[in-house]
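*Asks:* Provided herewith: data_16.cif, mmCIF, C-alpha atoms.
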data_work
loop_
_atom_site.label_atom_id
_atom_site.label_comp_id
_atom_site.auth_asym_id
_atom_site.auth_seq_id
_atom_site.Cartn_x
_atom_site.Cartn_y
_atom_site.Cartn_z
CA MET A 1 33.30 32.79 26.87
CA GLY A 2 35.21 30.36 24.71
CA PRO A 3 34.69 30.30 20.96
CA VAL A 4 31.68 28.39 19.72
CA ARG A 5 32.77 26.32 16.76
CA GLY A 6 30.77 27.22 13.66
CA VAL A 7 29.96 30.75 14.80
CA LYS A 8 31.07 33.57 12.55
CA LYS A 9 32.49 36.69 14.17
CA ARG A 10 29.77 39.29 14.51
CA ARG A 11 29.93 42.97 15.38
CA LYS A 12 29.88 43.71 19.11
CA THR A 13 26.69 45.10 20.50
CA GLU A 14 26.85 48.25 22.58
CA LYS A 15 23.53 47.56 24.28
CA LYS A 16 23.79 46.89 27.99
CA PHE A 17 21.61 44.70 30.15
CA GLU A 18 20.40 47.65 32.20
CA GLN A 19 19.33 49.63 29.14
CA ASN A 20 17.28 46.76 27.77
CA ALA A 21 15.83 45.89 31.15
CA SER A 22 14.53 49.43 31.59
CA ALA A 23 12.98 49.30 28.14
CA SER A 24 11.51 45.84 28.46
CA GLY A 25 8.15 47.12 29.59
CA SER A 26 7.65 48.86 26.25
CA SER A 27 9.56 46.46 24.04
CA ASP A 28 6.91 46.32 21.37
CA LYS A 29 4.62 49.31 21.02
CA GLU A 30 2.75 47.65 18.19
CA GLU A 31 1.60 44.79 20.42
CA PRO A 32 -1.77 45.15 22.19
CA ALA A 33 -1.77 45.06 25.99
CA ASP A 34 -3.71 41.81 25.93
CA TRP A 35 -1.34 40.08 23.50
CA TRP A 36 -1.06 36.95 25.65
CA VAL A 37 -4.82 36.68 26.09
CA ASP A 38 -5.32 36.76 22.32
CA PHE A 39 -2.32 34.51 21.63
CA SER A 40 -3.29 31.87 24.19
CA LYS A 41 -6.76 31.58 22.68
CA ARG A 42 -5.24 30.82 19.29
CA ILE A 43 -2.96 28.08 20.61
CA HIS A 44 -5.10 26.61 23.39
CA GLY A 45 -5.91 23.00 22.70
CA LEU A 46 -3.21 22.63 20.09
CA LEU A 47 -0.23 22.22 22.42
CA SER A 48 0.52 19.12 24.47
CA PRO A 49 -1.95 18.71 27.36
CA SER A 50 -0.87 20.39 30.58
CA LYS A 51 -2.60 21.09 33.85
CA ASP A 52 -1.22 24.63 33.66
CA LEU A 53 -1.64 25.25 29.96
CA ASP A 54 -3.22 28.64 30.62
CA ARG A 55 -0.10 29.82 32.45
CA PHE A 56 2.42 31.75 30.39
CA GLU A 57 5.35 30.09 32.16
CA SER A 58 4.17 26.58 31.33
CA VAL A 59 4.30 27.31 27.60
CA PHE A 60 7.58 29.25 27.33
CA LYS A 61 9.54 28.25 30.50
CA ILE A 62 10.05 31.94 31.36
CA SER A 63 7.92 34.63 32.98
CA ARG A 64 6.16 37.40 31.07
CA LYS A 65 8.70 39.89 32.48
CA THR A 66 11.60 37.91 31.03
CA PHE A 67 9.73 37.39 27.75
CA ASP A 68 9.27 41.16 27.39
CA TYR A 69 12.97 41.67 28.06
CA VAL A 70 13.95 39.12 25.39
CA CYS A 71 11.63 40.92 22.95
CA SER A 72 13.41 44.18 23.76
CA LEU A 73 16.75 42.56 22.94
CA VAL A 74 15.74 41.35 19.47
CA LYS A 75 13.20 44.00 18.49
CA GLU A 76 15.56 46.40 16.68
CA ASP A 77 17.05 43.72 14.43
CA MET A 78 13.77 41.92 13.85
CA MET A 79 11.92 45.11 12.94
CA ALA A 80 14.77 46.33 10.71
CA LYS A 81 14.17 43.34 8.44
CA PRO A 82 10.66 42.21 9.33
CA GLY A 83 10.36 39.63 6.55
CA ASN A 84 7.06 38.45 5.12
CA TYR A 85 6.14 35.82 7.69
CA THR A 86 2.45 34.96 7.83
CA TYR A 87 0.20 32.35 9.38
CA SER A 88 -1.55 29.80 7.18
CA ASN A 89 -4.56 32.13 7.05
CA GLY A 90 -2.44 34.99 5.72
CA ARG A 91 -2.29 36.91 9.00
CA PRO A 92 1.10 38.64 9.56
CA ILE A 93 3.21 37.25 12.41
CA SER A 94 3.91 40.01 14.93
CA LEU A 95 7.18 40.48 16.83
CA ASN A 96 5.80 38.93 20.01
CA ASP A 97 4.41 36.02 18.04
CA GLN A 98 7.78 35.43 16.35
CA VAL A 99 9.63 35.40 19.67
CA ALA A 100 6.94 33.16 21.18
CA ILE A 101 7.21 30.63 18.35
CA ALA A 102 11.01 30.53 18.58
CA LEU A 103 10.96 30.14 22.36
CA ARG A 104 8.39 27.37 22.14
CA ARG A 105 10.55 25.52 19.63
CA LEU A 106 13.64 25.84 21.87
CA SER A 107 11.89 25.05 25.15
CA SER A 108 9.62 22.20 24.07
CA GLY A 109 11.94 20.39 21.68
CA ASP A 110 8.86 19.48 19.63
CA SER A 111 9.34 18.85 15.93
CA LEU A 112 8.92 21.61 13.37
CA LEU A 113 5.76 19.88 12.15
CA ASN A 114 4.22 19.75 15.63
CA ILE A 115 5.08 23.38 16.35
CA GLY A 116 3.70 24.38 12.95
CA ASP A 117 0.45 22.54 13.57
CA ALA A 118 0.11 24.12 17.04
CA PHE A 119 0.54 27.65 15.77
CA GLY A 120 -1.06 27.33 12.33
CA LEU A 121 2.23 27.66 10.45
CA ASN A 122 4.14 25.85 7.76
CA HIS A 123 7.03 23.92 9.32
CA SER A 124 9.52 25.79 7.12
CA THR A 125 8.29 29.08 8.60
CA VAL A 126 8.89 27.74 12.12
CA SER A 127 12.43 26.78 11.09
CA GLN A 128 13.14 30.20 9.55
CA LEU A 129 11.73 32.12 12.52
CA THR A 130 13.67 30.04 15.03
CA TRP A 131 16.95 30.41 13.18
CA ARG A 132 16.43 34.15 12.75
CA PHE A 133 15.83 34.47 16.47
CA VAL A 134 18.98 32.44 17.23
CA GLU A 135 21.13 34.61 14.95
CA ILE A 136 19.92 37.81 16.58
CA MET A 137 20.06 36.51 20.16
CA GLU A 138 23.64 35.26 19.86
CA GLU A 139 24.69 38.85 19.24
CA ARG A 140 22.22 40.87 21.27
CA GLY A 141 22.28 38.60 24.30
CA LEU A 142 25.98 37.77 24.42
CA HIS A 143 26.65 40.20 27.29
CA HIS A 144 24.77 37.80 29.54
CA LEU A 145 27.55 35.22 29.19
CA ARG A 146 30.92 36.63 30.16
CA TRP A 147 33.77 36.11 32.60
CA PRO A 148 33.16 37.88 35.94
CA THR A 149 34.59 41.27 36.80
CA GLU A 150 36.93 41.57 39.81
CA VAL A 151 34.05 42.66 42.04
CA GLU A 152 31.79 39.86 40.81
CA MET A 153 34.58 37.33 41.29
CA ALA A 154 34.98 38.30 44.94
CA GLU A 155 31.31 37.48 45.52
CA ILE A 156 31.62 34.22 43.56
CA LYS A 157 34.57 33.11 45.70
CA SER A 158 32.64 33.88 48.86
CA LYS A 159 29.61 31.87 47.69
CA PHE A 160 31.76 28.88 46.70
CA GLU A 161 33.46 28.93 50.09
CA ASP A 162 30.03 28.91 51.73
CA ILE A 163 29.19 25.61 49.99
CA ARG A 164 31.87 23.36 51.53
CA GLY A 165 34.72 25.66 52.51
CA PHE A 166 36.85 25.76 49.33
CA PRO A 167 38.77 29.08 49.46
CA ASN A 168 39.54 31.21 46.36
CA CYS A 169 37.44 28.96 44.09
CA CYS A 170 36.27 30.72 40.92
CA GLY A 171 34.06 28.18 39.17
CA ALA A 172 33.08 24.58 38.48
CA ILE A 173 33.61 22.90 35.12
CA ASP A 174 31.72 20.01 33.51
CA THR A 175 30.75 18.67 30.10
CA THR A 176 27.59 17.17 28.63
CA HIS A 177 26.67 15.49 25.35
CA ILE A 178 24.10 16.75 22.87
CA THR A 179 22.98 13.53 21.18
CA MET A 180 21.91 13.37 17.55
CA CYS A 181 20.23 10.96 15.15
CA LEU A 182 22.12 11.15 11.86
CA ALA A 183 21.25 9.75 8.47
CA SER A 184 23.11 6.54 7.65
CA ALA A 185 24.15 8.10 4.35
CA ASP A 186 25.72 11.09 6.13
CA PRO A 187 29.47 10.94 5.31
CA THR A 188 30.32 12.55 8.68
CA THR A 189 28.54 9.90 10.76
CA LYS A 190 31.79 8.31 11.99
CA VAL A 191 33.16 11.68 13.07
CA TRP A 192 30.28 12.18 15.51
CA SER A 193 30.21 8.61 16.87
CA ASP A 194 31.23 8.59 20.55
CA ARG A 195 32.39 6.02 23.11
CA GLU A 196 28.83 5.09 24.04
CA ARG A 197 27.94 4.38 20.39
CA ASN A 198 25.83 7.50 20.11
CA HIS A 199 26.27 10.42 17.75
CA SER A 200 26.90 13.49 19.81
CA MET A 201 28.41 16.94 20.22
CA VAL A 202 30.10 18.10 23.44
CA LEU A 203 29.26 21.18 25.49
CA GLN A 204 31.84 22.29 28.08
CA ALA A 205 30.72 24.87 30.62
CA ILE A 206 32.20 26.73 33.57
CA VAL A 207 29.58 27.69 36.12
CA ASP A 208 29.36 30.04 39.10
CA PRO A 209 27.56 29.25 42.41
CA ASP A 210 24.28 30.66 41.06
CA MET A 211 24.38 28.08 38.24
CA LYS A 212 25.14 30.81 35.72
CA PHE A 213 27.37 29.93 32.77
CA ARG A 214 30.55 32.03 32.78
CA ASP A 215 32.36 30.35 29.91
CA MET A 216 31.33 27.69 27.40
CA VAL A 217 32.54 25.99 24.28
CA THR A 218 30.70 23.57 22.04
CA GLY A 219 30.91 22.06 18.57
CA TRP A 220 33.46 19.30 19.18
CA PRO A 221 32.55 15.64 18.42
CA GLY A 222 31.31 13.64 21.41
CA LYS A 223 34.12 11.10 21.11
CA MET A 224 36.61 13.69 22.37
CA SER A 225 37.56 13.27 26.03
CA ASP A 226 36.86 15.98 28.60
CA SER A 227 40.58 16.61 28.79
CA SER A 228 40.91 17.03 25.01
CA VAL A 229 37.96 19.42 24.80
CA LEU A 230 39.43 21.51 27.61
CA ARG A 231 42.89 21.66 26.04
CA SER A 232 41.31 22.68 22.72
CA SER A 233 39.41 25.57 24.29
CA ASN A 234 40.26 29.24 24.38
CA PHE A 235 39.72 29.14 28.13
CA PHE A 236 42.64 26.72 28.51
CA GLN A 237 44.93 28.97 26.49
CA LEU A 238 43.96 32.03 28.55
CA CYS A 239 44.62 30.20 31.80
CA GLU A 240 47.96 28.83 30.63
CA LYS A 241 49.04 32.37 29.68
CA GLY A 242 47.94 33.73 33.04
CA LYS A 243 45.23 35.91 31.50
CA ARG A 244 42.50 34.07 33.39
CA LEU A 245 42.49 32.65 36.93
CA GLY A 246 45.62 34.66 37.54
CA GLY A 247 44.26 36.95 40.23
CA LYS A 248 45.34 37.51 43.79
CA LYS A 249 46.49 34.48 45.78
CA MET A 250 44.87 33.74 49.13
CA GLU A 251 46.94 33.02 52.20
CA LEU A 252 45.62 30.13 54.27
CA SER A 253 45.74 29.81 58.05
CA ASP A 254 48.82 27.58 57.92
CA GLY A 255 50.77 30.19 55.98
CA SER A 256 50.53 28.49 52.59
CA GLN A 257 49.02 30.26 49.59
CA VAL A 258 46.39 29.09 47.14
CA ARG A 259 45.95 30.62 43.71
CA GLU A 260 42.66 31.10 41.86
CA TYR A 261 41.26 27.86 40.44
CA ILE A 262 38.16 26.02 39.29
CA VAL A 263 37.02 22.52 40.30
CA GLY A 264 36.20 19.62 38.01
CA ASP A 265 35.69 15.86 38.15
CA SER A 266 38.20 13.11 37.40
CA GLY A 267 37.68 13.40 33.66
CA PHE A 268 39.73 16.59 33.68
CA PRO A 269 43.49 16.90 34.19
CA LEU A 270 44.86 18.11 37.51
CA LEU A 271 46.37 21.53 36.80
CA PRO A 272 47.55 24.44 38.95
CA TRP A 273 44.29 26.24 38.09
CA LEU A 274 42.01 23.17 37.88
CA ILE A 275 41.61 21.08 41.02
CA THR A 276 40.28 17.54 40.62
CA PRO A 277 39.50 14.94 43.33
CA TYR A 278 42.04 12.45 44.63
CA PRO A 279 42.01 9.17 42.69
CA GLY A 280 40.33 6.17 44.28
CA GLY A 281 36.96 7.49 45.36
CA SER A 282 35.85 9.55 48.33
CA THR A 283 35.45 7.02 51.16
CA SER A 284 38.97 5.71 51.69
CA ARG A 285 39.30 4.78 55.39
CA ASP A 286 43.09 4.81 55.42
CA GLN A 287 43.29 8.37 54.12
CA PRO A 288 40.54 10.33 55.91
CA PRO A 289 41.81 13.84 54.94
CA LYS A 290 41.70 12.90 51.25
CA ALA A 291 38.29 11.28 51.64
CA GLU A 292 36.94 14.41 53.32
CA PHE A 293 38.48 16.54 50.57
CA ASN A 294 36.75 14.45 47.90
CA ARG A 295 33.38 14.69 49.63
CA ARG A 296 33.62 18.47 49.85
CA HIS A 297 34.95 18.68 46.32
CA PHE A 298 31.99 16.68 45.00
CA ALA A 299 29.47 18.92 46.76
CA THR A 300 31.20 22.04 45.44
CA ARG A 301 31.34 20.99 41.80
CA MET A 302 27.73 19.73 41.92
CA VAL A 303 26.62 23.24 40.89
CA ALA A 304 27.95 22.62 37.37
CA GLN A 305 26.04 19.35 37.04
CA ARG A 306 22.85 21.02 38.21
CA ALA A 307 23.29 23.91 35.79
CA LEU A 308 23.69 21.56 32.82
CA ALA A 309 20.73 19.45 33.97
CA ARG A 310 18.55 22.57 34.26
CA LEU A 311 19.73 23.79 30.85
CA LYS A 312 18.62 20.56 29.19
CA GLU A 313 15.39 20.28 31.16
CA THR A 314 14.35 23.84 30.31
CA TRP A 315 15.54 24.06 26.70
CA LYS A 316 14.54 20.63 25.53
CA ILE A 317 15.68 21.16 21.95
CA ILE A 318 19.12 20.03 23.18
CA HIS A 319 17.72 17.31 25.45
CA GLY A 320 17.18 13.78 24.21
CA VAL A 321 18.11 12.89 20.65
CA MET A 322 18.02 15.62 18.00
CA TRP A 323 16.73 14.49 14.61
CA ARG A 324 19.36 15.10 11.92
CA PRO A 325 20.45 18.57 13.05
CA ASP A 326 22.60 20.90 11.00
CA LYS A 327 25.99 20.43 12.69
CA HIS A 328 27.03 23.96 11.73
CA LYS A 329 23.93 25.54 13.27
CA LEU A 330 23.71 23.34 16.36
CA PRO A 331 26.58 25.04 18.28
CA ARG A 332 24.84 28.39 17.86
CA ILE A 333 21.53 26.96 19.07
CA VAL A 334 23.33 25.58 22.15
CA LEU A 335 24.89 29.00 22.77
CA VAL A 336 21.51 30.75 22.64
CA CYS A 337 20.04 28.20 25.05
CA CYS A 338 22.91 29.03 27.43
CA LEU A 339 22.20 32.75 27.00
CA LEU A 340 18.51 32.24 27.77
CA HIS A 341 19.48 30.15 30.82
CA ASN A 342 21.59 33.06 32.09
CA ILE A 343 18.94 35.66 31.30
CA VAL A 344 16.45 33.81 33.50
CA ILE A 345 18.99 34.04 36.35
CA ASP A 346 19.86 37.69 35.66
CA MET A 347 16.19 38.65 35.60
CA GLU A 348 15.67 36.84 38.92
CA ASP A 349 12.81 35.06 37.21
CA ASP A 350 10.37 33.36 39.58
CA VAL A 351 10.26 30.29 37.30
CA GLN A 352 13.58 29.25 38.86
CA ASP A 353 11.73 28.42 42.08
CA GLU A 354 9.66 25.81 40.21
CA MET A 355 12.64 24.13 38.54
CA SER A 356 14.11 20.89 39.86
CA LEU A 357 17.65 20.62 41.21
CA SER A 358 18.51 17.42 39.39
CA HIS A 359 22.16 16.82 38.59
CA HIS A 360 21.61 14.09 35.98
CA HIS A 361 22.38 15.62 32.59
CA ASP A 362 24.34 12.95 30.70
CA SER A 363 22.30 9.77 31.02
CA GLY A 364 24.05 6.71 29.61
CA TYR A 365 27.54 8.23 29.71
CA ARG A 366 30.14 6.73 32.03
CA GLN A 367 32.51 8.79 34.15
CA GLN A 368 35.75 9.53 32.31
CA LEU A 369 39.12 9.24 34.05
CA CYS A 370 42.18 11.34 33.32
CA GLN A 371 45.45 9.75 34.46
CA GLU A 372 47.60 11.73 36.90
CA GLU A 373 51.01 10.15 36.27
CA SER A 374 52.32 13.31 34.64
CA ALA A 375 50.44 15.78 36.82
CA ASP A 376 52.11 19.14 37.47
CA LEU A 377 53.96 19.16 40.81
CA THR A 378 52.58 22.62 41.54
CA ALA A 379 49.06 21.30 41.00
CA LEU A 380 49.69 18.32 43.30
CA ALA A 381 51.01 20.65 45.99
CA GLN A 382 48.04 23.01 45.66
CA ARG A 383 45.58 20.16 46.07
CA ASP A 384 47.45 18.84 49.11
CA ASN A 385 47.49 22.32 50.67
CA LEU A 386 43.74 22.62 50.13
CA SER A 387 43.16 19.15 51.57
CA LEU A 388 45.20 19.94 54.69
CA TYR A 389 43.43 23.26 55.12
CA LEU A 390 39.95 21.76 54.77
CA SER A 391 40.75 18.93 57.20
CA THR A 392 41.17 21.51 59.95
CA ARG A 393 38.06 23.52 59.08
CA PRO A 394 34.47 22.72 60.06
CA LEU A 395 31.80 22.73 57.38
CA PRO A 396 30.40 26.21 56.71
CA SER A 397 27.26 26.90 58.73
CA SER A 398 25.34 27.62 55.51
CA SER A 399 26.07 24.15 54.06
CA SER A 400 23.71 21.23 54.45
CA SER A 401 24.85 17.93 55.92
#
Can you turn what I pasted into structure tokens?

*Replies:*
Amino acid sequence: MGPVRGVKKRRKTEKKFEQNASASGSSDKEEPADWWVDFSKRIHGLLSPSKDLDRFESVFKISRKTFDYVCSLVKEDMMAKPGNYTYSNGRPISLNDQVAIALRRLSSGDSLLNIGDAFGLNHSTVSQLTWRFVEIMEERGLHHLRWPTEVEMAEIKSKFEDIRGFPNCCGAIDTTHITMCLASADPTTKVWSDRERNHSMVLQAIVDPDMKFRDMVTGWPGKMSDSSVLRSSNFFQLCEKGKRLGGKKMELSDGSQVREYIVGDSGFPLLPWLITPYPGGSTSRDQPPKAEFNRRHFATRMVAQRALARLKETWKIIHGVMWRPDKHKLPRIVLVCCLLHNIVIDMEDDVQDEMSLSHHHDSGYRQQLCQEESADLTALAQRDNLSLYLSTRPLPSSSSS
């Protein structure tokens, strides 16, 4: 994962996903077995109307199994410094309640006042609980967002090839804007003003075929181009040094070789390890091989757009326009939303089946274009080799027409 601007270096956790998963069933011994039954009675009627309000998943966007696992991740740190958090009636806020309040804030995007009213809390308590949860999760859950191992990468390549035939593909890259409403008196307002006259922060993500984030960086002003954000990232430096996407080359049927790479849209530069579409659209009649390449390329990189759309749809705190956020805390909130997104996938949570497959995540933002005049000759040759190879290959049987 690339560095998240504004995040301080924290000690590495030794806890593994498997250890926490096995303990998730008993993540909070102090909680009664009917915690949700009691909790839902206290909040019923206070939250926004929903036909499925009584369902756990409709309130928190995750299943009870995943909720218990998240509690197991944060329990040790939360219980070590429990704090003196209480409801308006003086009742102590339990561990499960604290996690529930934080998750509701992140998933609903409702204001602190609305969340406070729904749960019988002061809005400042909601803010403190949410931030405490974010701080703990960014450390305890970080192992859910990492670059794939060699074995995992082999499976990722196979799944990408099954989409539209791209061989040796390791990921899809895209960016999205987190829009903000800033005070007119804020001296940094101009810094965050972007090309669409919004105030925003950029999130860049690299995604695998399962829509899982494998690398991300955020914190840069929205006016920066996709190319500039990429070149400013740690991922770019690692790739340029050969420390990432420098694995085994694949020999194609025509004898040429293709190195490891990711795919991205025309807003990114064409590089030996980043393949972008041919300029001029995907339906050129005079260049059918290039047109076919672009169509397959679009379908392959669509997984990144869908992942970002699902991220924003599920964790609505970063969807829409955020009201005067703390620009130092926002990158860490975005990171935790990405971690939660990945945890849902890792836990094979059934809520995924109910989520839409929309690919619209950056409404109101026009497609950026990165000029290719100075493109690397090696990159141009790699794209041409891939285009020639794909033009002789039928669509994978697993792909849809």

*Asks:* Just the number, please: distance in Å from atom CA of Asp38 of chain A to atom CA of Ala118 of chain A, one decimal.

*Replies:*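 Going from atom CA of Asp38 of chain A over to atom CA of Ala118 of chain A, I get 14.7 Å.
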
*Asks:* Please, which residues in segment 246-284 of chain A fall within 8 Å of segment 374-398 of chain A when counting only C-alpha atoms, and what is the closest atom pair and distance in Å to one decimal for each, ordered by chain then residue number, as CSV?

*Replies:*
residue,atom,partner,partner_atom,distance
A:Leu252,CA,A:Tyr389,CA,7.3
A:Ser253,CA,A:Tyr389,CA,7.5
A:Asp254,CA,A:Tyr389,CA,7.5
A:Ser256,CA,A:Asn385,CA,7.1
A:Val258,CA,A:Gln382,CA,6.5
A:Pro269,CA,A:Ala375,CA,7.5
A:Leu270,CA,A:Ala375,CA,6.1
A:Leu271,CA,A:Ala379,CA,5.0
A:Pro272,CA,A:Ala379,CA,4.0
A:Trp273,CA,A:Ala379,CA,7.5
A:Leu274,CA,A:Ala379,CA,7.9
A:Ile275,CA,A:Arg383,CA,6.5

*Asks:* With C-alpha atoms kept, could you save the residues just selected as a CSV table (one decimal), keeping the file's coordinate frame?

*Replies:*
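Below you can see selection_14.csv, which holds the result:
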chain,number,residue,atom,x,y,z
A,252,LEU,CA,45.6,30.1,54.3
A,253,SER,CA,45.7,29.8,58.0
A,254,ASP,CA,48.8,27.6,57.9
A,256,SER,CA,50.5,28.5,52.6
A,258,VAL,CA,46.4,29.1,47.1
A,269,PRO,CA,43.5,16.9,34.2
A,270,LEU,CA,44.9,18.1,37.5
A,271,LEU,CA,46.4,21.5,36.8
A,272,PRO,CA,47.6,24.4,39.0
A,273,TRP,CA,44.3,26.2,38.1
A,274,LEU,CA,42.0,23.2,37.9
A,275,ILE,CA,41.6,21.1,41.0

*Asks:* Specify as an NGL selection string each residue included when the PyMOL selection byres ((chain A and resi 171) around 8) is applied to this file.

*Replies:* :A and (156 or 160 or 169-170 or 172-173 or 206-209 or 261-263)

*Asks:* List as a PyMOL selection string the protein and nucleic acid residues near Ile93 of chain A, meaning an atom at most 10 Å away when only C-alpha atoms are counted, but skip any in the same chain fewer than 3 places from it.

*Replies:* chain A and resi 82-87+90+96-99+101+121+129

*Asks:* Calculated over only C-alpha atoms, which of the candidates A:Gly141, A:Ala102, A:Leu369, A:Gly165 has the smallest distance to Phe293 of chain A?

*Replies:*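 Under the stated criterion, the closest residue is A:Gly165.
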
*Asks:* Evaluate the PyMOL selection byres ((chain A and resi 247) around 10) on the structure here and hand back the selected residues as a list in words.

*Replies:*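 Applying the PyMOL selection byres ((chain A and resi 247) around 10) to the structure shown produces Glu150, Met153, Asn168, Gly242, Lys243, Arg244, Leu245, Gly246, Lys248, Lys249, Met250, Arg259, Glu260 and Tyr261 of chain A.
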
*Asks:* From the options A:Val134, A:Cys181, A:Leu335, A:Val191, which residue's atoms come nearest to Arg214 of chain A, counting only C-alpha atoms?

*Replies:*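 Counting only C-alpha atoms, the residue closest to Arg214 of chain A is A:Leu335.
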
*Asks:* For the file shown, what are the residues hit by the PyMOL selection byres ((chain A and resi 133) around 12), laid out as a PyMOL selection string?

*Replies:* chain A and resi 70-71+73-79+82+95-106+126-132+134-141+332-333+336-337+340

*Asks:* How about saving the chosen residues, C-alpha atoms kept, as an mmCIF file, in the coordinates of the input?

*Replies:*
data_model
loop_
_atom_site.group_PDB
_atom_site.id
_atom_site.type_symbol
_atom_site.label_atom_id
_atom_site.label_comp_id
_atom_site.auth_asym_id
_atom_site.auth_seq_id
_atom_site.Cartn_x
_atom_site.Cartn_y
_atom_site.Cartn_z
ATOM 1 C CA VAL A 70 13.950 39.120 25.390
ATOM 2 C CA CYS A 71 11.630 40.920 22.950
ATOM 3 C CA LEU A 73 16.750 42.560 22.940
ATOM 4 C CA VAL A 74 15.740 41.350 19.470
ATOM 5 C CA LYS A 75 13.200 44.000 18.490
ATOM 6 C CA GLU A 76 15.560 46.400 16.680
ATOM 7 C CA ASP A 77 17.050 43.720 14.430
ATOM 8 C CA MET A 78 13.770 41.920 13.850
ATOM 9 C CA MET A 79 11.920 45.110 12.940
ATOM 10 C CA PRO A 82 10.660 42.210 9.330
ATOM 11 C CA LEU A 95 7.180 40.480 16.830
ATOM 12 C CA ASN A 96 5.800 38.930 20.010
ATOM 13 C CA ASP A 97 4.410 36.020 18.040
ATOM 14 C CA GLN A 98 7.780 35.430 16.350
ATOM 15 C CA VAL A 99 9.630 35.400 19.670
ATOM 16 C CA ALA A 100 6.940 33.160 21.180
ATOM 17 C CA ILE A 101 7.210 30.630 18.350
ATOM 18 C CA ALA A 102 11.010 30.530 18.580
ATOM 19 C CA LEU A 103 10.960 30.140 22.360
ATOM 20 C CA ARG A 104 8.390 27.370 22.140
ATOM 21 C CA ARG A 105 10.550 25.520 19.630
ATOM 22 C CA LEU A 106 13.640 25.840 21.870
ATOM 23 C CA VAL A 126 8.890 27.740 12.120
ATOM 24 C CA SER A 127 12.430 26.780 11.090
ATOM 25 C CA GLN A 128 13.140 30.200 9.550
ATOM 26 C CA LEU A 129 11.730 32.120 12.520
ATOM 27 C CA THR A 130 13.670 30.040 15.030
ATOM 28 C CA TRP A 131 16.950 30.410 13.180
ATOM 29 C CA ARG A 132 16.430 34.150 12.750
ATOM 30 C CA VAL A 134 18.980 32.440 17.230
ATOM 31 C CA GLU A 135 21.130 34.610 14.950
ATOM 32 C CA ILE A 136 19.920 37.810 16.580
ATOM 33 C CA MET A 137 20.060 36.510 20.160
ATOM 34 C CA GLU A 138 23.640 35.260 19.860
ATOM 35 C CA GLU A 139 24.690 38.850 19.240
ATOM 36 C CA ARG A 140 22.220 40.870 21.270
ATOM 37 C CA GLY A 141 22.280 38.600 24.300
ATOM 38 C CA ARG A 332 24.840 28.390 17.860
ATOM 39 C CA ILE A 333 21.530 26.960 19.070
ATOM 40 C CA VAL A 336 21.510 30.750 22.640
ATOM 41 C CA CYS A 337 20.040 28.200 25.050
ATOM 42 C CA LEU A 340 18.510 32.240 27.770
#

*Asks:* Could you check how far atom CA of Ala185 of chain A sits from atom CA of Lys327 of chain A, in Å to one decimal?

*Replies:*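 We find that atom CA of Ala185 of chain A and atom CA of Lys327 of chain A lie 15.0 Å from each other.
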
*Asks:* Within 10 Å of Asp174 of chain A, counting all atoms listed in the file, which residues qualify if same-chain residues fewer than 6 places away don't, as a PDB file with C-alpha atoms, in the frame of the given file?

*Replies:*
ATOM      1  CA  LEU A 203      29.260  21.180  25.490  1.00  0.00           C
ATOM      2  CA  GLN A 204      31.840  22.290  28.080  1.00  0.00           C
ATOM      3  CA  ALA A 205      30.720  24.870  30.620  1.00  0.00           C
ATOM      4  CA  ILE A 206      32.200  26.730  33.570  1.00  0.00           C
ATOM      5  CA  VAL A 207      29.580  27.690  36.120  1.00  0.00           C
ATOM      6  CA  MET A 216      31.330  27.690  27.400  1.00  0.00           C
ATOM      7  CA  ASP A 226      36.860  15.980  28.600  1.00  0.00           C
ATOM      8  CA  LEU A 230      39.430  21.510  27.610  1.00  0.00           C
ATOM      9  CA  VAL A 263      37.020  22.520  40.300  1.00  0.00           C
ATOM     10  CA  GLY A 264      36.200  19.620  38.010  1.00  0.00           C
ATOM     11  CA  ASP A 265      35.690  15.860  38.150  1.00  0.00           C
ATOM     12  CA  GLY A 267      37.680  13.400  33.660  1.00  0.00           C
ATOM     13  CA  PHE A 268      39.730  16.590  33.680  1.00  0.00           C
ATOM     14  CA  ARG A 301      31.340  20.990  41.800  1.00  0.00           C
ATOM     15  CA  MET A 302      27.730  19.730  41.920  1.00  0.00           C
ATOM     16  CA  VAL A 303      26.620  23.240  40.890  1.00  0.00           C
ATOM     17  CA  ALA A 304      27.950  22.620  37.370  1.00  0.00           C
ATOM     18  CA  GLN A 305      26.040  19.350  37.040  1.00  0.00           C
ATOM     19  CA  ALA A 307      23.290  23.910  35.790  1.00  0.00           C
ATOM     20  CA  LEU A 308      23.690  21.560  32.820  1.00  0.00           C
TER      21      LEU A 308
END

*Asks:* Asn122 of chain A: which residues within 8 Å, counting all atoms listed in the file, same-chain residues fewer than 3 positions away excluded, as a list in words?

*Replies:*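 In the requested form, the answer reads Tyr87, Ser88, Leu113, Gly116, Asp117, Thr125 and Val126 of chain A.
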
*Asks:* Just checking: using all atoms listed in the file, which residue out of A:Ser225, A:Thr314, A:Gln367, A:Ser94 ends up closest to Gly109 of chain A?

*Replies:*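 The shortest atom-to-atom distance to Gly109 of chain A comes from A:Thr314.
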
*Asks:* For a test of reading the model, state the distance in Å between atom CA of Gly320 of chain A and atom CA of Met180 of chain A, rounded to one decimal.

*Replies:*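 Interatomic distance, atom CA of Gly320 of chain A to atom CA of Met180 of chain A: 8.2 Å.
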